[in-house]
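Coordinates from structure.csv are shown below (CSV, C-alpha atoms).
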chain,number,residue,atom,x,y,z
A,447,MET,CA,4.5,16.7,-8.0
A,448,LYS,CA,2.0,13.8,-7.7
A,449,ASP,CA,1.1,12.2,-4.4
A,450,PRO,CA,4.2,10.4,-3.1
A,451,TYR,CA,2.2,7.4,-1.9
A,452,GLU,CA,0.9,7.1,-5.5
A,453,ILE,CA,4.4,7.4,-7.0
A,454,LEU,CA,5.7,4.6,-4.8
A,455,GLY,CA,2.5,2.6,-5.2
A,456,VAL,CA,2.0,2.1,-1.5
A,457,ALA,CA,-1.0,2.6,0.8
A,458,ARG,CA,-1.1,5.6,3.1
A,459,SER,CA,-0.8,3.2,6.0
A,460,ALA,CA,2.4,1.6,4.6
A,461,THR,CA,5.1,0.7,7.1
A,462,ASP,CA,8.7,2.1,6.8
A,463,LYS,CA,9.7,-1.3,5.4
A,464,GLU,CA,7.0,-1.3,2.7
A,465,ILE,CA,8.1,2.2,1.6
A,466,LYS,CA,11.7,1.1,1.5
A,467,ASP,CA,10.9,-2.0,-0.5
A,468,ALA,CA,8.7,-0.1,-2.9
A,469,PHE,CA,11.5,2.5,-3.4
A,470,LYS,CA,14.1,-0.3,-3.9
A,471,LYS,CA,12.0,-2.0,-6.5
A,472,LEU,CA,11.4,1.2,-8.5
A,473,ALA,CA,15.0,2.4,-8.1
A,474,ARG,CA,16.3,-0.8,-9.6
A,475,LYS,CA,14.0,-0.2,-12.6
A,476,PHE,CA,14.5,3.5,-13.1
A,477,HIS,CA,17.9,4.6,-11.7
A,478,PRO,CA,19.3,6.5,-14.7
A,479,ASP,CA,22.8,5.2,-14.3
A,480,LEU,CA,21.5,1.6,-14.6
A,481,HIS,CA,19.4,2.5,-17.7
A,482,PRO,CA,21.6,4.7,-19.8
A,483,GLY,CA,19.4,4.2,-22.9
A,484,ASP,CA,16.2,5.3,-21.3
A,485,LYS,CA,15.9,9.0,-21.7
A,486,ALA,CA,12.8,9.2,-19.5
A,487,ALA,CA,14.4,7.3,-16.6
A,488,GLU,CA,15.9,10.5,-15.1
A,489,GLU,CA,12.5,12.2,-14.7
A,490,LYS,CA,10.9,9.1,-13.4
A,491,PHE,CA,13.7,8.5,-10.9
A,492,LYS,CA,13.6,12.1,-9.7
A,493,ALA,CA,10.0,11.7,-8.8
A,494,ILE,CA,10.6,8.4,-7.1
A,495,ALA,CA,13.6,9.7,-5.1
A,496,ALA,CA,11.6,12.7,-4.0
A,497,ALA,CA,8.7,10.6,-2.9
A,498,ASN,CA,11.1,8.4,-1.0
A,499,ASP,CA,12.9,11.3,0.6
A,500,LEU,CA,9.5,12.6,1.9
A,501,LEU,CA,8.1,9.3,3.1
A,502,LYS,CA,11.2,7.8,4.7
A,503,ASP,CA,11.5,10.8,7.0
A,504,LYS,CA,9.0,10.3,9.8
A,505,GLU,CA,8.6,14.0,10.6
A,506,LYS,CA,8.2,15.0,6.9
A,507,ARG,CA,5.7,12.2,6.4
A,508,ARG,CA,3.7,13.2,9.4
A,509,ARG,CA,3.6,16.8,8.2
A,510,PHE,CA,2.6,15.7,4.7
A,511,ASP,CA,-0.1,13.5,6.0
A,512,ALA,CA,-1.4,16.3,8.2
A,513,GLY,CA,-1.4,18.6,5.1
A,514,GLU,CA,1.2,20.9,6.5
A,515,ILE,CA,3.6,20.5,3.6
A,516,ASP,CA,3.0,19.5,0.0
A,517,ALA,CA,4.9,16.9,-1.9
A,518,SER,CA,7.0,19.5,-3.9
A,519,GLY,CA,9.0,20.3,-0.8
A,520,ALA,CA,10.9,17.1,-1.2
A,521,GLU,CA,12.3,17.8,-4.7
A,522,LYS,CA,16.0,18.0,-4.9
A,523,PRO,CA,18.1,20.2,-7.0
A,524,GLN,CA,19.2,18.7,-10.3
A,525,GLN,CA,21.8,16.0,-9.9
A,526,ARG,CA,24.4,15.0,-12.4
A,527,TYR,CA,24.3,11.3,-12.9
A,528,TYR,CA,27.2,9.1,-13.7
A,529,ARG,CA,25.7,8.3,-17.1
A,530,ASP,CA,25.9,12.0,-18.0
A,531,PHE,CA,29.7,11.5,-18.1
A,532,ALA,CA,30.1,7.8,-18.9
A,533,ASP,CA,27.6,7.7,-21.7
A,534,GLY,CA,28.4,11.0,-23.3
A,535,PRO,CA,30.6,11.3,-26.3
A,536,GLY,CA,34.1,12.1,-25.2
A,537,TYR,CA,34.2,10.0,-22.1
A,538,ALA,CA,36.0,7.0,-23.5
A,539,SER,CA,39.5,8.0,-24.3
A,540,HIS,CA,39.4,7.4,-28.1
A,541,ALA,CA,35.8,8.2,-28.8
A,542,ALA,CA,36.6,11.8,-27.8
A,543,GLN,CA,38.1,12.6,-31.1
A,544,ASP,CA,35.3,11.1,-33.2
A,545,GLY,CA,33.0,13.6,-31.8
A,546,PHE,CA,30.0,13.7,-34.1
A,547,ALA,CA,27.9,10.8,-32.9
A,548,SER,CA,25.8,11.6,-29.9
A,549,ASN,CA,24.0,9.4,-27.4
A,550,GLU,CA,20.8,10.3,-29.2
A,551,ASP,CA,22.2,9.2,-32.6
A,552,LEU,CA,23.0,5.9,-30.9
A,553,GLU,CA,19.5,5.4,-29.5
A,554,ASP,CA,18.0,6.5,-32.8
A,555,PHE,CA,20.2,4.1,-34.8
A,556,LEU,CA,19.4,1.2,-32.4
A,557,ALA,CA,15.7,1.9,-32.6
A,558,ARG,CA,15.9,1.9,-36.4
A,559,ALA,CA,18.0,-1.3,-36.4
A,560,PHE,CA,16.2,-3.2,-33.7
A,561,GLY,CA,12.9,-1.6,-33.4
A,562,GLY,CA,11.2,-2.2,-30.1
A,563,GLY,CA,13.9,-4.7,-29.2
A,564,THR,CA,16.0,-2.2,-27.3
A,565,ARG,CA,13.1,-0.7,-25.5
A,566,ARG,CA,12.0,-4.1,-24.1
A,567,SER,CA,14.7,-4.0,-21.4
A,568,GLN,CA,14.0,-0.5,-20.4
A,569,GLY,CA,10.6,-1.3,-19.1
A,570,THR,CA,7.8,1.2,-18.8
A,571,PHE,CA,6.8,3.1,-15.8
A,572,ARG,CA,4.4,0.8,-14.1
A,573,ALA,CA,3.1,1.4,-10.6
A,574,ARG,CA,0.3,-0.1,-8.6
A,575,GLY,CA,-2.7,2.3,-8.0
A,576,GLN,CA,-3.3,3.9,-4.7
A,577,ASP,CA,-5.4,2.1,-2.1
A,578,VAL,CA,-8.5,3.9,-0.9
A,579,SER,CA,-10.5,3.5,2.2
A,580,TYR,CA,-14.1,4.2,3.1
A,581,VAL,CA,-16.3,4.0,6.1
A,582,LEU,CA,-19.7,2.3,5.5
A,583,PRO,CA,-22.4,2.6,8.2
A,584,VAL,CA,-24.3,-0.6,8.4
A,585,SER,CA,-27.6,-1.3,10.2
A,586,PHE,CA,-27.5,-3.8,13.0
A,587,MET,CA,-29.8,-6.2,11.1
A,588,ASP,CA,-27.7,-6.0,7.9
A,589,ALA,CA,-24.5,-6.8,9.9
A,590,ALA,CA,-26.3,-9.7,11.6
A,591,ASN,CA,-27.9,-11.3,8.6
A,592,GLY,CA,-25.5,-10.1,5.8
A,593,ALA,CA,-26.5,-7.9,2.9
A,594,VAL,CA,-25.2,-6.3,-0.3
A,595,ARG,CA,-24.9,-2.5,-0.3
A,596,THR,CA,-23.9,-0.2,-3.1
A,597,ILE,CA,-21.7,2.8,-2.2
A,598,THR,CA,-21.2,5.7,-4.5
A,599,LEU,CA,-17.7,7.1,-4.5
A,600,PRO,CA,-16.9,10.8,-4.7
A,601,GLU,CA,-15.8,10.4,-8.3
A,602,GLY,CA,-19.2,8.9,-9.2
A,603,LYS,CA,-18.1,5.2,-9.4
A,604,THR,CA,-20.3,2.7,-7.6
A,605,LEU,CA,-19.0,-0.3,-5.6
A,606,ASN,CA,-21.1,-3.3,-4.5
A,607,VAL,CA,-20.1,-4.2,-1.0
A,608,THR,CA,-21.1,-7.6,0.3
A,609,ILE,CA,-21.5,-7.4,4.0
A,610,PRO,CA,-20.9,-10.9,5.4
A,611,GLU,CA,-23.4,-12.5,7.8
A,612,GLY,CA,-22.4,-11.7,11.4
A,613,ALA,CA,-20.1,-8.8,10.4
A,614,ASP,CA,-18.4,-7.2,13.3
A,615,ASP,CA,-18.3,-3.5,14.1
A,616,ARG,CA,-15.1,-1.9,12.7
A,617,GLN,CA,-14.5,-5.0,10.5
A,618,MET,CA,-12.4,-4.1,7.5
A,619,LEU,CA,-13.4,-5.5,4.1
A,620,ARG,CA,-10.9,-5.5,1.3
A,621,LEU,CA,-12.1,-5.1,-2.3
A,622,LYS,CA,-9.2,-6.1,-4.4
A,623,GLY,CA,-8.5,-3.9,-7.4
A,624,GLN,CA,-11.2,-1.4,-6.6
A,625,GLY,CA,-8.8,1.4,-5.5
A,626,MET,CA,-7.3,4.0,-7.8
A,627,PRO,CA,-6.2,2.8,-11.2
A,628,GLY,CA,-2.5,1.9,-11.7
A,629,PHE,CA,0.0,3.7,-13.9
A,630,GLY,CA,1.3,2.4,-17.2
A,631,GLY,CA,-0.7,-0.9,-17.0
A,632,GLY,CA,0.1,-1.4,-13.3
A,633,PRO,CA,-2.6,-3.1,-11.2
A,634,ALA,CA,-5.2,-1.0,-9.5
A,635,GLY,CA,-5.0,-0.4,-5.8
A,636,ASP,CA,-7.5,-2.0,-3.3
A,637,ALA,CA,-10.5,-0.4,-1.7
A,638,PHE,CA,-10.7,-0.9,2.1
A,639,VAL,CA,-14.2,-0.6,3.6
A,640,GLU,CA,-14.6,-0.3,7.3
A,641,LEU,CA,-18.0,-1.3,8.6
A,642,HIS,CA,-19.5,0.8,11.3
A,643,VAL,CA,-22.4,-1.2,12.8
A,644,GLU,CA,-25.2,1.0,14.1
A,645,PRO,CA,-26.8,0.0,17.5
A,646,HIS,CA,-30.2,-1.5,17.6
A,647,PRO,CA,-33.0,-0.3,19.8
A,648,PHE,CA,-33.4,-3.6,21.6
A,649,PHE,CA,-31.0,-6.2,20.2
A,650,HIS,CA,-27.5,-6.1,21.7
A,651,ARG,CA,-24.8,-8.3,20.5
A,652,LYS,CA,-22.2,-10.0,22.7
A,653,ASP,CA,-19.9,-12.3,20.7
A,654,ASP,CA,-22.2,-14.6,18.9
A,655,ASN,CA,-25.1,-14.2,21.3
A,656,ILE,CA,-27.9,-11.7,21.1
A,657,HIS,CA,-29.2,-10.2,24.3
A,658,ILE,CA,-32.7,-8.7,24.6
A,659,GLU,CA,-34.8,-7.5,27.5
A,660,VAL,CA,-38.4,-8.5,27.1
A,661,PRO,CA,-41.2,-7.0,29.2
A,662,VAL,CA,-43.9,-9.4,30.4
A,663,THR,CA,-47.2,-8.6,32.2
A,664,LEU,CA,-47.8,-9.4,35.8
A,665,ARG,CA,-50.3,-12.1,34.7
A,666,GLU,CA,-47.8,-13.7,32.2
A,667,ALA,CA,-45.2,-13.7,34.9
A,668,ILE,CA,-47.3,-15.3,37.6
A,669,LEU,CA,-49.4,-17.7,35.5
A,670,GLY,CA,-46.9,-18.4,32.7
A,671,GLY,CA,-47.9,-18.5,29.1
A,672,ARG,CA,-46.8,-18.3,25.5
A,673,ILE,CA,-45.5,-15.0,24.2
A,674,GLU,CA,-44.1,-13.7,21.0
A,675,VAL,CA,-40.6,-12.3,21.0
A,676,PRO,CA,-38.6,-10.8,18.2
A,677,THR,CA,-35.4,-12.5,16.9
A,678,LEU,CA,-33.0,-11.7,14.1
A,679,SER,CA,-35.0,-14.0,11.8
A,680,GLY,CA,-38.4,-12.7,12.8
A,681,PRO,CA,-40.8,-13.2,15.7
A,682,VAL,CA,-41.0,-16.6,17.4
A,683,THR,CA,-43.3,-17.9,20.1
A,684,MET,CA,-41.9,-19.0,23.4
A,685,THR,CA,-43.1,-20.3,26.7
A,686,ILE,CA,-42.8,-18.2,29.9
A,687,PRO,CA,-42.7,-20.5,32.9
A,688,LYS,CA,-45.1,-20.0,35.8
A,689,GLY,CA,-43.8,-17.7,38.4
A,690,ALA,CA,-41.3,-16.0,36.1
A,691,ASN,CA,-39.5,-12.9,37.5
A,692,THR,CA,-37.7,-9.8,36.4
A,693,GLY,CA,-34.0,-10.5,35.7
A,694,GLN,CA,-34.7,-14.2,34.8
A,695,THR,CA,-32.9,-15.2,31.6
A,696,LEU,CA,-34.4,-17.6,29.1
A,697,ARG,CA,-32.5,-18.9,26.1
A,698,LEU,CA,-33.6,-19.4,22.5
A,699,ARG,CA,-31.1,-21.9,21.0
A,700,ASP,CA,-29.4,-21.1,17.7
A,701,LYS,CA,-31.1,-17.7,17.3
A,702,GLY,CA,-27.9,-15.8,17.7
A,703,ILE,CA,-25.2,-14.8,15.2
A,704,ARG,CA,-23.7,-17.4,12.9
A,705,ASN,CA,-20.0,-17.7,13.8
A,706,ARG,CA,-17.9,-17.2,10.6
A,707,LYS,CA,-15.3,-19.7,11.6
A,708,THR,CA,-17.3,-22.6,13.0
A,709,GLY,CA,-20.6,-22.0,11.2
A,710,GLN,CA,-22.4,-22.5,14.6
A,711,ARG,CA,-25.1,-20.1,15.6
A,712,GLY,CA,-25.0,-18.4,19.0
A,713,HIS,CA,-28.1,-18.1,21.1
A,714,GLN,CA,-30.6,-15.4,21.9
A,715,LEU,CA,-30.7,-14.6,25.6
A,716,ILE,CA,-34.0,-13.1,26.8
A,717,THR,CA,-34.0,-11.2,30.1
A,718,LEU,CA,-37.5,-10.8,31.5
A,719,LYS,CA,-38.8,-7.6,33.0
A,720,VAL,CA,-42.1,-7.8,34.8
A,721,VAL,CA,-44.2,-4.6,34.1
A,722,LEU,CA,-47.2,-3.6,36.2
A,723,PRO,CA,-50.4,-2.6,34.5
A,724,SER,CA,-50.1,1.0,33.2
A,725,GLY,CA,-53.7,1.9,34.1
A,726,GLU,CA,-55.4,1.8,37.5
A,727,GLU,CA,-56.5,-1.6,38.7
A,728,PRO,CA,-58.7,-1.1,41.8
A,729,GLU,CA,-59.5,-4.9,42.0
A,730,LEU,CA,-55.8,-5.7,42.1
A,731,ALA,CA,-55.3,-3.1,44.8
A,732,THR,CA,-58.2,-4.5,46.9
A,733,PHE,CA,-56.9,-8.0,46.5
A,734,LEU,CA,-53.4,-7.0,47.7
A,735,GLU,CA,-54.8,-5.3,50.8
A,736,THR,CA,-56.2,-8.6,52.0
A,737,TRP,CA,-53.5,-10.8,50.5
A,738,GLN,CA,-51.3,-12.8,52.9
A,739,PRO,CA,-48.2,-14.0,51.0
A,740,LYS,CA,-47.1,-17.6,51.7
A,741,THR,CA,-43.5,-16.6,51.9
A,742,SER,CA,-42.2,-13.6,53.7
A,743,ASP,CA,-39.7,-12.1,51.2
A,744,GLU,CA,-37.4,-9.3,52.3
A,745,PRO,CA,-36.0,-8.1,49.0
A,746,ARG,CA,-33.8,-5.3,50.5
A,747,LYS,CA,-32.4,-7.5,53.2
A,748,GLU,CA,-28.9,-7.7,51.6
A,749,MET,CA,-28.7,-4.0,51.0
A,750,LEU,CA,-29.5,-3.0,54.6
A,751,LYS,CA,-27.2,-5.4,56.4
B,800,MET,CA,37.5,18.9,-8.1
B,801,THR,CA,35.9,17.9,-4.8
B,802,ARG,CA,37.9,17.2,-1.7
B,803,VAL,CA,37.3,13.9,0.1
B,804,ASP,CA,35.9,15.7,3.2
B,805,GLU,CA,33.6,17.7,1.0
B,806,ILE,CA,32.1,14.7,-0.7
B,807,VAL,CA,31.6,12.9,2.7
B,808,GLU,CA,29.8,16.1,3.8
B,809,GLN,CA,27.6,16.3,0.7
B,810,ILE,CA,26.3,12.7,0.7
B,811,GLU,CA,24.5,12.2,3.9
B,812,ALA,CA,24.7,8.4,3.9
B,813,LEU,CA,28.3,8.1,2.9
B,814,GLN,CA,30.7,6.7,5.5
B,815,ARG,CA,34.4,7.6,5.2
B,816,SER,CA,35.4,4.0,6.0
B,817,ASP,CA,33.3,2.8,3.0
B,818,LEU,CA,34.9,5.4,0.7
B,819,ASP,CA,38.4,4.3,1.7
B,820,ALA,CA,37.4,0.7,1.1
B,821,TRP,CA,36.1,1.5,-2.4
B,822,LEU,CA,39.4,3.4,-3.1
B,823,GLY,CA,41.3,0.3,-1.9
B,824,GLU,CA,39.3,-1.9,-4.3
B,825,GLU,CA,39.8,0.6,-7.1
B,826,LEU,CA,36.1,1.0,-7.6
B,827,ILE,CA,36.7,4.7,-7.7
B,828,LYS,CA,39.8,6.8,-8.5
B,829,ALA,CA,41.1,9.8,-6.6
B,830,GLN,CA,43.8,12.3,-7.4
B,831,GLU,CA,46.1,14.0,-5.0
B,832,ASP,CA,46.2,17.7,-4.8
B,833,ALA,CA,48.8,19.1,-2.3
B,834,GLY,CA,48.5,16.0,-0.1
B,835,VAL,CA,44.7,16.0,-0.2
B,836,LEU,CA,42.6,13.4,-2.0
B,837,VAL,CA,40.3,15.0,-4.6
B,838,PHE,CA,37.7,13.6,-6.9
B,839,SER,CA,36.8,14.7,-10.4
B,840,GLU,CA,33.2,15.5,-11.4
B,841,VAL,CA,32.9,12.0,-13.0
B,842,GLU,CA,34.2,10.3,-10.0
B,843,CYS,CA,31.8,12.2,-7.7
B,844,ALA,CA,28.9,11.1,-9.9
B,845,ARG,CA,30.2,7.5,-9.7
B,846,ILE,CA,30.5,7.8,-5.9
B,847,ARG,CA,26.8,8.9,-5.8
B,848,LEU,CA,25.9,5.9,-7.9
B,849,ILE,CA,27.8,3.5,-5.6
B,850,CYS,CA,26.1,5.1,-2.6
B,851,THR,CA,22.6,4.5,-4.1
B,852,LEU,CA,23.6,0.9,-5.0
B,853,HIS,CA,25.0,0.2,-1.5
B,854,TYR,CA,23.0,2.2,0.9
B,855,GLU,CA,19.6,2.3,-0.8
B,856,LEU,CA,19.4,-0.7,-3.0
B,857,GLU,CA,21.3,-2.6,-0.3
B,858,ILE,CA,23.8,-4.3,-2.6
B,859,ASP,CA,26.4,-5.6,-0.2
B,860,ALA,CA,30.1,-4.8,-0.3
B,861,GLU,CA,31.0,-8.1,-1.9
B,862,THR,CA,28.5,-7.9,-4.7
B,863,LEU,CA,29.2,-4.2,-5.4
B,864,PRO,CA,32.4,-4.8,-7.5
B,865,VAL,CA,30.4,-7.3,-9.6
B,866,VAL,CA,27.6,-4.9,-10.3
B,867,LEU,CA,30.0,-2.1,-11.0
B,868,SER,CA,32.0,-4.3,-13.4
B,869,LEU,CA,28.8,-5.0,-15.3
B,870,VAL,CA,27.8,-1.4,-15.3
B,871,ASP,CA,31.3,-0.5,-16.6
B,872,GLN,CA,31.0,-3.1,-19.3
B,873,LEU,CA,27.6,-1.7,-20.3
B,874,TYR,CA,28.9,1.8,-20.7
B,875,GLN,CA,32.0,0.5,-22.5
B,876,THR,CA,29.8,-1.4,-24.9
B,877,ARG,CA,27.7,1.6,-25.4
B,878,GLN,CA,30.8,3.6,-26.2
B,879,HIS,CA,31.7,1.0,-28.8
B,880,LEU,CA,28.2,1.2,-30.3
B,881,LEU,CA,28.4,4.9,-30.3
B,882,LYS,CA,31.6,4.8,-32.4
B,883,LEU,CA,30.0,2.2,-34.7
B,884,THR,CA,26.9,4.4,-35.1
B,885,ALA,CA,29.1,7.3,-35.9
B,886,ALA,CA,30.9,5.2,-38.5
B,887,VAL,CA,27.6,4.1,-40.0
B,888,ALA,CA,26.3,7.6,-40.1
B,889,ALA,CA,29.4,8.7,-42.0
B,890,GLN,CA,28.5,6.2,-44.9
B,891,ASP,CA,26.5,6.9,-48.0
B,892,GLU,CA,22.7,6.5,-47.7
B,893,ALA,CA,22.9,3.2,-49.7
B,894,VAL,CA,25.5,1.7,-47.4
B,895,GLN,CA,23.5,2.7,-44.3
B,896,LYS,CA,20.4,1.1,-45.8
B,897,ALA,CA,22.3,-2.1,-46.6
B,898,ILE,CA,23.5,-2.3,-43.0
B,899,LEU,CA,20.0,-1.9,-41.7
B,900,VAL,CA,18.7,-4.5,-44.1
B,901,ALA,CA,21.5,-6.9,-42.9
B,902,ILE,CA,20.6,-6.3,-39.3
B,903,ASP,CA,16.9,-6.8,-40.1
B,904,GLU,CA,17.8,-10.3,-41.6
B,905,GLY,CA,19.6,-11.1,-38.3
B,906,ASN,CA,16.6,-10.0,-36.3
B,907,LYS,CA,14.4,-12.4,-38.5
B,908,ILE,CA,16.7,-15.3,-37.7
B,909,ASP,CA,16.5,-14.5,-34.0
B,910,GLY,CA,12.7,-14.4,-34.3
B,911,LYS,CA,12.6,-17.9,-35.8
B,912,THR,CA,14.7,-19.6,-33.1
Just dump the structure as structure tokens.
Amino acid sequence: MKDPYEILGVARSATDKEIKDAFKKLARKFHPDLHPGDKAAEEKFKAIAAANDLLKDKEKRRRFDAGEIDASGAEKPQQRYYRDFADGPGYASHAAQDGFASNEDLEDFLARAFGGGTRRSQGTFRARGQDVSYVLPVSFMDAANGAVRTITLPEGKTLNVTIPEGADDRQMLRLKGQGMPGFGGGPAGDAFVELHVEPHPFFHRKDDNIHIEVPVTLREAILGGRIEVPTLSGPVTMTIPKGANTGQTLRLRDKGIRNRKTGQRGHQLITLKVVLPSGEEPELATFLETWQPKTSDEPRKEMLK
Amino acid sequence: MTRVDEIVEQIEALQRSDLDAWLGEELIKAQEDAGVLVFSEVECARIRLICTLHYELEIDAETLPVVLSLVDQLYQTRQHLLKLTAAVAAQDEAVQKAILVAIDEGNKIDGKT
């Protein structure tokens, strides 16, 4: 037996109602008693009913999803349909004696007389293809600026995925018609691509703003100056005010993520971190020995209260 | 023959009260066997069909007789066609051919309108 989700044409994530609706739709089309002239209806309906029996039962569905049971477990023993009686020769009181024309003769005769005409109403077995889902890891920069990536599916097919500018982590993209092909001319399913945005070594995103910690030298901090800082769109030069300190936050307007709804860009927020010289600086040490600060700071005062 | 309690047992969704209502509306026919209601094989198949229509396709109780009446008419028409086909099949090849040609003419007229 084929995949029950495929038979009903629903996604693996389909709700109970979606499953029920899909079954109703197919049952209307293929219930053998409602289609006495369609010889294939019984086989089709059997598969549809079995798929429905499996998926409508929460426990069976869970076990199937978990791979504990296969779809064949849901098949039912042969059922005798109403049409087997009502449509057979010998059901109607008088036809019984005539005997020699069978249901098949009737279909054959109608096909000869009306060609495809009688088949039109029977419909063909059409079902929407199965949806498929993929996870696509995306670099921080691609998610921020947008990109087009090609993914290769297990069956060798390739898909171009357009990552929108400012894509969120775990954002789901729907590629209509890129899932499994449909049956009997039914439409293909959709492909769902979940983006997993990778972290960046120094950019951190919070809503539409980008946060970054930027180290500055002691000289830059005390004397101020122009420094180069990275942004999503490349390095920019900014001014550090005189007397800047660790923890101080500066803002670069409109250097954040473009909001998908408003089109407005967020900002880049730069937190300064003063770093001391990495090598020995004897002159600095000598200076500090004789240095008398103008203000008497007690930086640990709050902690020791 | 299947007893009324057996058929209720066999079809999970079937409610006894619904079955009684269908009997009352003559959608199905039962026979009596030593004071117990029994159903023929045909009637059991018909009950299964009604159960599918009512419980799964959610055709409500008021619409059910309409649907069944149409289904019955479909099968009756097919029975008539079956007899007609048997009658045609019993004719000489030339007569059969003439009938098919006549039907074909009718199809062409349909196609033009």
Next on the checklist: For a quick test of understanding: name the residues of chain A lying within 6 Å of chain B when counting all atoms listed in the file, and present them as a PyMOL selection string.
Outcome noted: chain A and resi 470+527-528+547+552+559
Checklist outcome for this item: In Å and to one decimal, CA of Leu501 (chain A) is distant from CA of Pro627 (chain A) by 21.2 Å
Checklist entry - Which neighbours of Phe838 (chain B) fall inside 12 Å, counting all atoms listed in the file, when residues of the same chain fewer than 3 positions from it are skipped, and could you give them as an MDAnalysis selection string? => result chainID B and resid 800:807 818 822 827:832 835 841:847
Checklist entry - Near region 604-613 of chain A, counting only C-alpha atoms, which residues have an atom at most 7 Å away, once you skip same-chain residues fewer than 5 positions from it, shown as a ChimeraX atom specification? => result /A:589-599,703-705
Just write the chosen residues, C-alpha atoms, as a PDB file, in the frame of the given file.
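Okay, this is what ended up in selection_22.pdb:
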ATOM      1  CA  ALA A 589     -24.500  -6.800   9.900  1.00  0.00           C
ATOM      2  CA  ALA A 590     -26.300  -9.700  11.600  1.00  0.00           C
ATOM      3  CA  ASN A 591     -27.900 -11.300   8.600  1.00  0.00           C
ATOM      4  CA  GLY A 592     -25.500 -10.100   5.800  1.00  0.00           C
ATOM      5  CA  ALA A 593     -26.500  -7.900   2.900  1.00  0.00           C
ATOM      6  CA  VAL A 594     -25.200  -6.300  -0.300  1.00  0.00           C
ATOM      7  CA  ARG A 595     -24.900  -2.500  -0.300  1.00  0.00           C
ATOM      8  CA  THR A 596     -23.900  -0.200  -3.100  1.00  0.00           C
ATOM      9  CA  ILE A 597     -21.700   2.800  -2.200  1.00  0.00           C
ATOM     10  CA  THR A 598     -21.200   5.700  -4.500  1.00  0.00           C
ATOM     11  CA  LEU A 599     -17.700   7.100  -4.500  1.00  0.00           C
ATOM     12  CA  ILE A 703     -25.200 -14.800  15.200  1.00  0.00           C
ATOM     13  CA  ARG A 704     -23.700 -17.400  12.900  1.00  0.00           C
ATOM     14  CA  ASN A 705     -20.000 -17.700  13.800  1.00  0.00           C
TER      15      ASN A 705
END
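Atom pair CA of Thr695 (chain A) / CA of Ile716 (chain A) has a distance of 5.4 Å (rounded to one decimal).
Here CA of Glu553 (chain A) is placed at a distance of 20.6 Å from CA of Ala893 (chain B).
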Item to check | Gln576 (chain A) surroundings by all atoms listed in the file, 10 Å radius, close-in-sequence under 6 positions cut, as a count of residues only | outcome: 21
